[in-house]
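I have placed the structure first, in the form of structure tokens, so that the comments after it can refer back to it.
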Amino acid sequence: MFERAKAILIKEFKQIFRDPRMKTVIFITPLFQIILFGYAATKDINYVPTAIFDRDNTQESRELLRRFTYSKYFVPEHYIFSEAEQNWVLDKGLVSAVIHIDRGFGRNINAGKDAQVQLAFDGTDSNTAMIIMGYANTIIGTYQYDLMKEEAAASGLVTNVPSVDLKDRAWFNGNLITRNYYLPGVIATIVTMMSLLLTSMAIVKEKEIGTMEQLIVSPLKPIELIVGKLLPFAIIALTQITLITVMGVVWFHVPLRGNLLLLLFSTLIYLFTTLGIGLFISTISSTQQEAMMSVFLFYMPTMLLSGFAYPIANMPQVIQWFTFFNPLRYFMVVIRSIFLKGIGIEILWMQLLPLLIMGLIIIGLSTLRFRRSLG
């Protein structure tokens, strides 16, 4: 049995590496994707192109604007003088925010009255808009606190205005770099896509060129054929995750605090599901185009319900229940925990156990269907 499965394994590797394009897909494409996502998959807002609309032009308004422009976020790109210009720079996308100070701002400040400042911003991207609002509120809050101290000092009162100083401490990702959070998830999605595609399309290719019939009439048993077909892609997937992990750690300095062997072991458990699903897709597809479309049809909802980009806790309750049947959800938690938290199997077993059960069920059912299709 092992000799015949080994023969299929060797044959599969030769067939894979005979095609130069397949080598590119297996080794170059994942590295290119991790570099592309490493630079693109970030929600850090360090540059907010800003337009200044100061109709008051007093010492007080200029001081407030100085606090905005001297921060590392709001960069003045345009100085405007009318409402029409404000609408124009926002409509054209020339700026992300407009700081509008109306007449009477300085007069109200000196008279001890409430003064208003308008921050008009592009709300197309709600996440970016919320971050910009947070930056602005922090600057306004500091400015207001300093005004209170100056007012108290001018009135001869105690200048020690009491305040609460929040000392925050972020665990696992001290600088709150979103790349550190997203890149492990990108690694999981790349492994998912590549293992699904390679498995389903390689088996369908055998059907298209007519070699599957030759394998069926050979002395090979179905289980030997399945093992010989799936094992190469498991080895390739483990090689891919090793390469892109090294790239993420060396190139993007994403911390790998956990055990690399635990990462590979967890990936191997996860591959039961992806290889099993790829095997199932191969049984319902007649051409490589059908297999590719089926893979994408499965992949998109799997990624959306995995917690990769959108927190599962923010989804409707019914959708959250569906995520428990998504193997990528569990693997996403495992890979991020190994990278950022450095925790071991004594905690991760709660994610690995349902992943293992799900994987064994999926690959078992897919194997039965594949054996029937061979018959």
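Identifiers for the structure tokens are assigned positionally: chains receive A, B, ... in sequence, residues are indexed from 1 per chain, and ligands are indexed from 1 in the order shown.
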Can you build me a table of region 181-262 of chain A residues sitting at most 10 Å from region 349-372 of chain A, with the closest atom pair per residue and its distance in Å to one decimal, using only C-alpha atoms, sorted by chain and residue number, as JSON lines?
```
{"residue": "A:Lys221", "atom": "CA", "partner": "A:Arg371", "partner_atom": "CA", "distance": 9.4}
{"residue": "A:Pro222", "atom": "CA", "partner": "A:Arg371", "partner_atom": "CA", "distance": 6.0}
{"residue": "A:Ile223", "atom": "CA", "partner": "A:Arg371", "partner_atom": "CA", "distance": 8.0}
{"residue": "A:Leu225", "atom": "CA", "partner": "A:Arg371", "partner_atom": "CA", "distance": 9.5}
{"residue": "A:Ile226", "atom": "CA", "partner": "A:Thr367", "partner_atom": "CA", "distance": 7.4}
{"residue": "A:Val227", "atom": "CA", "partner": "A:Thr367", "partner_atom": "CA", "distance": 9.8}
```
Write out as a count of residues only all residues of region 73-216 of chain A that DSSP puts in alpha helix (DSSP H) for this structure's backbone.
-> 82
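Put simply, CA of His253 (chain A) is 12.1 Å away from CA of Asn173 (chain A).
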**Prompt:** Which neighbours of Asp122 (chain A) fall inside 10 Å, counting only C-alpha atoms, when residues of the same chain fewer than 2 positions from it are skipped, and could you give them as an MDAnalysis selection string?
**Reply:** chainID A and resid 90:91 93 95:98 120 124:126 128:129 132
Just C-alpha atoms for this one: save the residues we selected as a compact mmCIF listing (two decimals), in the first residue's frame.
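Output (part-v4.txt):
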```
# COMPACT_ATOMS: atom_id res chain seq x y z
CA LEU A 90 -14.09 67.37 -0.37
CA ASP A 91 -15.92 66.41 -3.58
CA GLY A 93 -11.08 64.03 -2.72
CA VAL A 95 -8.43 66.39 1.43
CA SER A 96 -9.85 64.08 4.06
CA ALA A 97 -10.87 66.84 6.49
CA VAL A 98 -11.64 70.56 6.58
CA ALA A 120 -15.98 68.45 7.95
CA THR A 124 -16.96 57.36 2.78
CA ASP A 125 -14.66 55.14 4.82
CA SER A 126 -16.32 55.00 8.23
CA THR A 128 -10.96 56.28 8.75
CA ALA A 129 -13.58 58.88 9.65
CA ILE A 132 -9.92 61.22 12.38
```
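For the choices A:Ile241, A:Ile10, A:Met130, A:Val295, the atom-to-atom distance to Asp44 (chain A) is smallest for A:Met130 when using only C-alpha atoms.
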_region 331-336 of chain A environment, 8 Å, only C-alpha atoms, sequence neighbours closer than 6 positions dropped, as a ChimeraX atom specification_ = /A:181,184-185,188,263,266-267,270,306-308,348,351-352,355
For this session: Quote the spacing between CA of Gly106 (chain A) and CA of Val75 (chain A) in Å to one decimal place.
Result: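 According to the coordinates, CA of Gly106 (chain A) and CA of Val75 (chain A) are separated by 23.0 Å.
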Shortest contact to Met303 (chain A), candidates A:Thr273, A:Thr192, A:His78, A:Ala234, atoms counted only C-alpha atoms, goes to A:Thr192
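Take the candidates A:Ala115, A:Ala5, A:Val186, A:Ala291 and check each one against Leu36 (chain A) using only C-alpha atoms; the shortest distance goes to A:Val186.
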The residue from A:Ser285, A:Ala313, A:Leu198, A:Thr242 with the smallest atom-to-atom distance to Lys23 (chain A), counting only C-alpha atoms, is A:Leu198
inquiry  = Given only C-alpha atoms as the basis, pick out the residue of A:Gly38, A:Gly248, A:Pro20, A:Gly141 nearest to Leu64 (chain A).
reply    =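 Selected residue with least distance to Leu64 (chain A): A:Gly141.
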Between CA of Leu305 (chain A) and CA of Gln288 (chain A) lies a distance of 26.2 Å
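Ranking A:Ala153, A:Leu340, A:Ile101, A:Ala111 by their shortest atom-to-atom distance to Asn259 (chain A), with only C-alpha atoms included, puts A:Leu340 first.
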